[in-house]
>>> print(open('coords_1.txt').read())   # compact mmCIF, N, CA and C atoms
# COMPACT_ATOMS: atom_id res chain seq x y z
N GLN A 130 -22.53 -59.19 -35.93
CA GLN A 130 -23.04 -59.98 -37.03
C GLN A 130 -24.56 -60.05 -36.95
N VAL A 131 -25.18 -60.09 -38.10
CA VAL A 131 -26.64 -60.14 -38.19
C VAL A 131 -27.05 -61.47 -38.79
N GLN A 132 -28.07 -62.07 -38.22
CA GLN A 132 -28.62 -63.32 -38.75
C GLN A 132 -30.06 -63.09 -39.17
N LEU A 133 -30.41 -63.66 -40.30
CA LEU A 133 -31.77 -63.59 -40.81
C LEU A 133 -32.27 -65.02 -40.98
N VAL A 134 -33.42 -65.29 -40.39
CA VAL A 134 -34.00 -66.64 -40.47
C VAL A 134 -35.37 -66.54 -41.10
N GLU A 135 -35.51 -67.20 -42.25
CA GLU A 135 -36.78 -67.18 -42.99
C GLU A 135 -37.58 -68.44 -42.67
N SER A 136 -38.89 -68.30 -42.82
CA SER A 136 -39.78 -69.44 -42.68
C SER A 136 -41.04 -69.18 -43.48
N GLY A 137 -41.81 -70.26 -43.70
CA GLY A 137 -43.11 -70.10 -44.34
C GLY A 137 -43.20 -70.56 -45.77
N GLY A 138 -42.10 -70.98 -46.36
CA GLY A 138 -42.16 -71.48 -47.73
C GLY A 138 -42.85 -72.82 -47.79
N GLY A 139 -43.09 -73.28 -49.02
CA GLY A 139 -43.73 -74.57 -49.19
C GLY A 139 -44.29 -74.74 -50.58
N LEU A 140 -45.15 -75.76 -50.69
CA LEU A 140 -45.80 -76.10 -51.97
C LEU A 140 -47.26 -75.68 -51.90
N VAL A 141 -47.71 -74.99 -52.93
CA VAL A 141 -49.09 -74.53 -52.97
C VAL A 141 -49.59 -74.59 -54.41
N GLN A 142 -50.88 -74.76 -54.57
CA GLN A 142 -51.46 -74.76 -55.90
C GLN A 142 -51.62 -73.33 -56.41
N ALA A 143 -51.65 -73.20 -57.71
CA ALA A 143 -51.87 -71.89 -58.31
C ALA A 143 -53.15 -71.28 -57.76
N GLY A 144 -53.08 -69.99 -57.46
CA GLY A 144 -54.20 -69.29 -56.86
C GLY A 144 -54.18 -69.28 -55.35
N GLY A 145 -53.32 -70.08 -54.77
CA GLY A 145 -53.24 -70.18 -53.33
C GLY A 145 -52.40 -69.07 -52.71
N SER A 146 -52.21 -69.18 -51.40
CA SER A 146 -51.49 -68.16 -50.64
C SER A 146 -50.44 -68.78 -49.74
N LEU A 147 -49.41 -68.01 -49.48
CA LEU A 147 -48.39 -68.34 -48.50
C LEU A 147 -47.96 -67.06 -47.80
N ARG A 148 -47.47 -67.21 -46.59
CA ARG A 148 -46.92 -66.07 -45.85
C ARG A 148 -45.50 -66.40 -45.41
N LEU A 149 -44.57 -65.61 -45.87
CA LEU A 149 -43.18 -65.77 -45.48
C LEU A 149 -42.86 -64.83 -44.32
N SER A 150 -41.99 -65.31 -43.44
CA SER A 150 -41.51 -64.49 -42.33
C SER A 150 -39.99 -64.48 -42.34
N CYS A 151 -39.43 -63.39 -41.85
CA CYS A 151 -37.98 -63.27 -41.74
C CYS A 151 -37.66 -62.52 -40.47
N ALA A 152 -37.00 -63.19 -39.54
CA ALA A 152 -36.65 -62.60 -38.26
C ALA A 152 -35.16 -62.28 -38.24
N ALA A 153 -34.84 -61.04 -37.90
CA ALA A 153 -33.46 -60.60 -37.82
C ALA A 153 -33.00 -60.57 -36.37
N SER A 154 -31.77 -60.97 -36.15
CA SER A 154 -31.19 -60.92 -34.81
C SER A 154 -29.71 -60.59 -34.93
N GLY A 155 -29.13 -60.22 -33.78
CA GLY A 155 -27.71 -59.90 -33.78
C GLY A 155 -27.48 -58.41 -33.60
N SER A 156 -26.34 -57.96 -34.09
CA SER A 156 -25.93 -56.56 -33.92
C SER A 156 -26.55 -55.71 -35.03
N ILE A 157 -27.76 -55.28 -34.79
CA ILE A 157 -28.52 -54.52 -35.80
C ILE A 157 -28.49 -53.04 -35.44
N PHE A 158 -28.01 -52.24 -36.38
CA PHE A 158 -27.96 -50.80 -36.18
C PHE A 158 -28.67 -50.11 -37.33
N SER A 159 -29.52 -49.18 -36.99
CA SER A 159 -30.06 -48.25 -37.98
C SER A 159 -30.48 -48.95 -39.27
N ILE A 160 -31.51 -49.76 -39.18
CA ILE A 160 -32.02 -50.46 -40.36
C ILE A 160 -32.60 -49.44 -41.34
N ASN A 161 -32.17 -49.53 -42.58
CA ASN A 161 -32.75 -48.69 -43.64
C ASN A 161 -34.03 -49.33 -44.16
N PHE A 162 -33.91 -50.56 -44.58
CA PHE A 162 -35.08 -51.29 -45.01
C PHE A 162 -34.83 -52.79 -44.98
N MET A 163 -35.89 -53.53 -45.03
CA MET A 163 -35.86 -54.99 -45.16
C MET A 163 -36.72 -55.35 -46.35
N GLY A 164 -36.46 -56.52 -46.89
CA GLY A 164 -37.25 -56.90 -48.05
C GLY A 164 -36.95 -58.30 -48.53
N TRP A 165 -37.38 -58.56 -49.75
CA TRP A 165 -37.28 -59.90 -50.32
C TRP A 165 -36.81 -59.84 -51.77
N TYR A 166 -35.98 -60.78 -52.10
CA TYR A 166 -35.62 -61.09 -53.48
C TYR A 166 -36.02 -62.55 -53.72
N ARG A 167 -36.00 -62.96 -54.97
CA ARG A 167 -36.24 -64.36 -55.29
C ARG A 167 -35.37 -64.78 -56.47
N GLN A 168 -35.13 -66.08 -56.54
CA GLN A 168 -34.33 -66.62 -57.64
C GLN A 168 -34.94 -67.92 -58.11
N ALA A 169 -35.38 -67.90 -59.35
CA ALA A 169 -35.94 -69.10 -59.97
C ALA A 169 -34.81 -69.90 -60.62
N PRO A 170 -35.02 -71.19 -60.83
CA PRO A 170 -33.97 -72.02 -61.45
C PRO A 170 -33.53 -71.47 -62.79
N GLY A 171 -32.23 -71.32 -62.95
CA GLY A 171 -31.68 -70.85 -64.21
C GLY A 171 -31.83 -69.35 -64.47
N LYS A 172 -32.31 -68.62 -63.47
CA LYS A 172 -32.51 -67.18 -63.64
C LYS A 172 -31.73 -66.41 -62.59
N GLN A 173 -31.56 -65.12 -62.85
CA GLN A 173 -30.89 -64.26 -61.89
C GLN A 173 -31.81 -63.92 -60.74
N ARG A 174 -31.21 -63.58 -59.61
CA ARG A 174 -31.98 -63.14 -58.47
C ARG A 174 -32.67 -61.83 -58.83
N GLU A 175 -33.95 -61.72 -58.46
CA GLU A 175 -34.70 -60.50 -58.80
C GLU A 175 -35.39 -59.94 -57.57
N PHE A 176 -35.55 -58.64 -57.59
CA PHE A 176 -36.20 -57.91 -56.50
C PHE A 176 -37.69 -58.27 -56.46
N VAL A 177 -38.21 -58.39 -55.23
CA VAL A 177 -39.64 -58.65 -55.04
C VAL A 177 -40.31 -57.47 -54.34
N ALA A 178 -39.83 -57.13 -53.15
CA ALA A 178 -40.47 -56.06 -52.38
C ALA A 178 -39.53 -55.60 -51.28
N ARG A 179 -39.75 -54.36 -50.81
CA ARG A 179 -39.01 -53.87 -49.66
C ARG A 179 -39.89 -52.92 -48.86
N ILE A 180 -39.50 -52.73 -47.60
CA ILE A 180 -40.25 -51.85 -46.71
C ILE A 180 -39.26 -51.12 -45.81
N THR A 181 -39.50 -49.83 -45.60
CA THR A 181 -38.64 -49.04 -44.74
C THR A 181 -39.12 -49.10 -43.29
N THR A 182 -38.33 -48.54 -42.40
CA THR A 182 -38.75 -48.49 -41.00
C THR A 182 -39.99 -47.62 -40.84
N GLY A 183 -40.20 -46.71 -41.77
CA GLY A 183 -41.40 -45.88 -41.75
C GLY A 183 -42.57 -46.49 -42.49
N ASN A 184 -42.42 -47.76 -42.88
CA ASN A 184 -43.47 -48.52 -43.56
C ASN A 184 -43.77 -48.06 -44.98
N SER A 185 -42.84 -47.39 -45.61
CA SER A 185 -42.98 -47.14 -47.04
C SER A 185 -42.63 -48.43 -47.77
N THR A 186 -43.45 -48.77 -48.76
CA THR A 186 -43.27 -50.04 -49.46
C THR A 186 -43.01 -49.83 -50.95
N TYR A 187 -42.37 -50.80 -51.54
CA TYR A 187 -42.09 -50.77 -52.97
C TYR A 187 -42.11 -52.21 -53.47
N TYR A 188 -42.76 -52.43 -54.63
CA TYR A 188 -42.94 -53.78 -55.15
C TYR A 188 -42.46 -53.88 -56.60
N ALA A 189 -42.04 -55.06 -56.95
CA ALA A 189 -41.80 -55.35 -58.35
C ALA A 189 -43.15 -55.39 -59.07
N GLY A 190 -43.15 -54.99 -60.33
CA GLY A 190 -44.38 -54.96 -61.08
C GLY A 190 -45.08 -56.30 -61.17
N SER A 191 -44.28 -57.37 -61.19
CA SER A 191 -44.84 -58.71 -61.37
C SER A 191 -45.62 -59.20 -60.16
N VAL A 192 -45.43 -58.56 -58.99
CA VAL A 192 -46.11 -59.03 -57.79
C VAL A 192 -47.05 -57.98 -57.22
N LYS A 193 -47.00 -56.78 -57.72
CA LYS A 193 -47.82 -55.69 -57.18
C LYS A 193 -49.29 -56.05 -57.29
N GLY A 194 -50.00 -55.85 -56.19
CA GLY A 194 -51.42 -56.18 -56.15
C GLY A 194 -51.69 -57.59 -55.67
N ARG A 195 -50.67 -58.43 -55.64
CA ARG A 195 -50.83 -59.81 -55.15
C ARG A 195 -50.06 -60.05 -53.86
N PHE A 196 -48.91 -59.42 -53.73
CA PHE A 196 -48.06 -59.60 -52.56
C PHE A 196 -48.14 -58.36 -51.68
N THR A 197 -48.04 -58.57 -50.36
CA THR A 197 -48.03 -57.46 -49.42
C THR A 197 -46.89 -57.67 -48.43
N ILE A 198 -46.04 -56.67 -48.32
CA ILE A 198 -44.94 -56.72 -47.37
C ILE A 198 -45.31 -55.89 -46.14
N SER A 199 -44.93 -56.40 -44.97
CA SER A 199 -45.18 -55.67 -43.73
C SER A 199 -44.04 -56.00 -42.76
N ARG A 200 -43.99 -55.25 -41.67
CA ARG A 200 -42.92 -55.49 -40.71
C ARG A 200 -43.37 -55.19 -39.31
N ASP A 201 -42.69 -55.82 -38.38
CA ASP A 201 -42.86 -55.56 -36.96
C ASP A 201 -41.50 -55.06 -36.48
N ASN A 202 -41.38 -53.75 -36.30
CA ASN A 202 -40.09 -53.17 -35.95
C ASN A 202 -39.60 -53.64 -34.59
N ALA A 203 -40.53 -53.85 -33.66
CA ALA A 203 -40.14 -54.28 -32.32
C ALA A 203 -39.50 -55.67 -32.35
N LYS A 204 -39.92 -56.48 -33.30
CA LYS A 204 -39.40 -57.84 -33.42
C LYS A 204 -38.36 -57.97 -34.51
N ASN A 205 -38.07 -56.88 -35.21
CA ASN A 205 -37.13 -56.93 -36.34
C ASN A 205 -37.51 -58.05 -37.31
N THR A 206 -38.79 -58.10 -37.60
CA THR A 206 -39.31 -59.17 -38.45
C THR A 206 -40.06 -58.55 -39.63
N VAL A 207 -39.86 -59.13 -40.79
CA VAL A 207 -40.57 -58.70 -41.99
C VAL A 207 -41.37 -59.88 -42.53
N TYR A 208 -42.52 -59.58 -43.09
CA TYR A 208 -43.43 -60.60 -43.60
C TYR A 208 -43.71 -60.34 -45.08
N LEU A 209 -44.01 -61.40 -45.79
CA LEU A 209 -44.44 -61.28 -47.18
C LEU A 209 -45.67 -62.15 -47.37
N GLN A 210 -46.82 -61.51 -47.46
CA GLN A 210 -48.07 -62.21 -47.71
C GLN A 210 -48.22 -62.35 -49.22
N MET A 211 -48.31 -63.57 -49.69
CA MET A 211 -48.37 -63.82 -51.13
C MET A 211 -49.72 -64.46 -51.45
N ASN A 212 -50.53 -63.74 -52.20
CA ASN A 212 -51.84 -64.22 -52.62
C ASN A 212 -51.87 -64.38 -54.13
N GLY A 213 -52.81 -65.14 -54.60
CA GLY A 213 -52.93 -65.32 -56.05
C GLY A 213 -51.66 -65.85 -56.68
N LEU A 214 -51.04 -66.81 -56.04
CA LEU A 214 -49.75 -67.32 -56.52
C LEU A 214 -49.88 -67.98 -57.88
N LYS A 215 -48.83 -67.80 -58.67
CA LYS A 215 -48.76 -68.33 -60.02
C LYS A 215 -47.55 -69.26 -60.13
N PRO A 216 -47.57 -70.19 -61.07
CA PRO A 216 -46.40 -71.06 -61.24
C PRO A 216 -45.11 -70.28 -61.44
N GLU A 217 -45.19 -69.13 -62.08
CA GLU A 217 -43.99 -68.32 -62.31
C GLU A 217 -43.45 -67.66 -61.05
N ASP A 218 -44.18 -67.77 -59.95
CA ASP A 218 -43.68 -67.29 -58.66
C ASP A 218 -42.77 -68.32 -58.00
N THR A 219 -42.67 -69.50 -58.56
CA THR A 219 -41.82 -70.54 -58.01
C THR A 219 -40.37 -70.08 -58.00
N ALA A 220 -39.75 -70.13 -56.81
CA ALA A 220 -38.39 -69.63 -56.65
C ALA A 220 -37.94 -69.87 -55.21
N VAL A 221 -36.67 -69.65 -54.99
CA VAL A 221 -36.17 -69.53 -53.62
C VAL A 221 -36.27 -68.06 -53.25
N TYR A 222 -36.92 -67.78 -52.15
CA TYR A 222 -37.13 -66.41 -51.70
C TYR A 222 -36.11 -66.09 -50.59
N TYR A 223 -35.43 -64.98 -50.79
CA TYR A 223 -34.38 -64.55 -49.86
C TYR A 223 -34.79 -63.25 -49.19
N CYS A 224 -34.68 -63.24 -47.89
CA CYS A 224 -34.88 -62.04 -47.11
C CYS A 224 -33.58 -61.25 -47.06
N TYR A 225 -33.67 -59.93 -47.02
CA TYR A 225 -32.46 -59.14 -46.83
C TYR A 225 -32.74 -57.96 -45.91
N LEU A 226 -31.67 -57.49 -45.30
CA LEU A 226 -31.74 -56.34 -44.39
C LEU A 226 -30.63 -55.39 -44.79
N ALA A 227 -30.97 -54.14 -45.01
CA ALA A 227 -29.99 -53.13 -45.39
C ALA A 227 -29.82 -52.15 -44.24
N SER A 228 -28.60 -52.11 -43.71
CA SER A 228 -28.26 -51.11 -42.70
C SER A 228 -26.88 -50.57 -43.08
N ARG A 229 -25.92 -50.70 -42.21
CA ARG A 229 -24.56 -50.29 -42.58
C ARG A 229 -24.03 -51.22 -43.66
N SER A 230 -24.45 -52.46 -43.61
CA SER A 230 -24.16 -53.46 -44.65
C SER A 230 -25.48 -54.12 -45.05
N THR A 231 -25.39 -54.97 -46.03
CA THR A 231 -26.57 -55.72 -46.46
C THR A 231 -26.39 -57.18 -46.06
N TYR A 232 -27.41 -57.72 -45.42
CA TYR A 232 -27.36 -59.09 -44.94
C TYR A 232 -28.46 -59.90 -45.62
N TRP A 233 -28.18 -61.19 -45.79
CA TRP A 233 -29.11 -62.08 -46.49
C TRP A 233 -29.45 -63.30 -45.65
N GLY A 234 -30.67 -63.77 -45.81
CA GLY A 234 -31.07 -65.02 -45.21
C GLY A 234 -30.64 -66.19 -46.09
N GLN A 235 -30.94 -67.40 -45.61
CA GLN A 235 -30.50 -68.60 -46.32
C GLN A 235 -31.44 -68.99 -47.45
N GLY A 236 -32.62 -68.40 -47.46
CA GLY A 236 -33.58 -68.68 -48.52
C GLY A 236 -34.61 -69.71 -48.11
N THR A 237 -35.81 -69.55 -48.64
CA THR A 237 -36.87 -70.53 -48.42
C THR A 237 -37.56 -70.82 -49.75
N GLN A 238 -37.81 -72.09 -50.00
CA GLN A 238 -38.35 -72.50 -51.29
C GLN A 238 -39.86 -72.29 -51.33
N VAL A 239 -40.31 -71.68 -52.41
CA VAL A 239 -41.73 -71.55 -52.70
C VAL A 239 -41.99 -72.23 -54.04
N THR A 240 -42.89 -73.20 -54.05
CA THR A 240 -43.22 -73.91 -55.27
C THR A 240 -44.71 -73.82 -55.51
N VAL A 241 -45.08 -73.33 -56.69
CA VAL A 241 -46.48 -73.17 -57.04
C VAL A 241 -46.78 -74.12 -58.20
N SER A 242 -47.69 -75.04 -57.95
CA SER A 242 -48.05 -76.02 -58.98
C SER A 242 -49.24 -75.53 -59.79
N SER A 243 -49.25 -75.92 -61.04
CA SER A 243 -50.35 -75.48 -61.92
C SER A 243 -51.52 -76.44 -61.88
>>> encode(input="coords_1.txt", output="structure tokens")
Amino acid sequence: QVQLVESGGGLVQAGGSLRLSCAASGSIFSINFMGWYRQAPGKQREFVARITTGNSTYYAGSVKGRFTISRDNAKNTVYLQMNGLKPEDTAVYYCYLASRSTYWGQGTQVTVSS
């Protein structure tokens, strides 16, 4: 079993920054990629960013240029640096890990005030 523990969410004013972390532990085999989704109230969960073990990255258009995903393979940890936050970035952010199966974290709340 794989466990993902997220941290770093919180309340920030528009234009501010936050850094999310997600640490994976457990029986991890052959990670394909790790990344983040988010879900705002009343909306479907949407893709934010992902990164492969080779550090190839991919971003949703809405966050490209503002968010940066990175990882520490030795620690099985992925980070999401969020700059220039907007009220529309308010959501619960979920970390995920894709290997033989896909695993999800419990989510961390990010609230951006205007």
>>> residues_around(input="coords_1.txt", residues="Asn205 of chain A", least_positions_apart="2", cutoff="9 Å", atoms="only C-alpha atoms", output="ChimeraX atom specification")
/A:151-154,157,200-203,207
>>> residues_around(input="coords_1.txt", residues="segment 176-190 of chain A", least_positions_apart="2", cutoff="6 Å", atoms="only N, CA and C atoms", output="list in words")
Ile160, Asn161, Phe162, Met163, Gly164, Trp165, Tyr166, Arg167, Arg174, Val192 and Lys193 of chain A
>>> atom_distance(input="coords_1.txt", atom1="atom C of Lys172 of chain A", atom2="atom N of Ala220 of chain A")
10.6 Å
>>> atom_distance(input="coords_1.txt", atom1="atom N of Gln173 of chain A", atom2="atom C of Gly145 of chain A")
23.5 Å
>>> atom_distance(input="coords_1.txt", atom1="atom CA of Val134 of chain A", atom2="atom CA of Gln235 of chain A")
7.1 Å
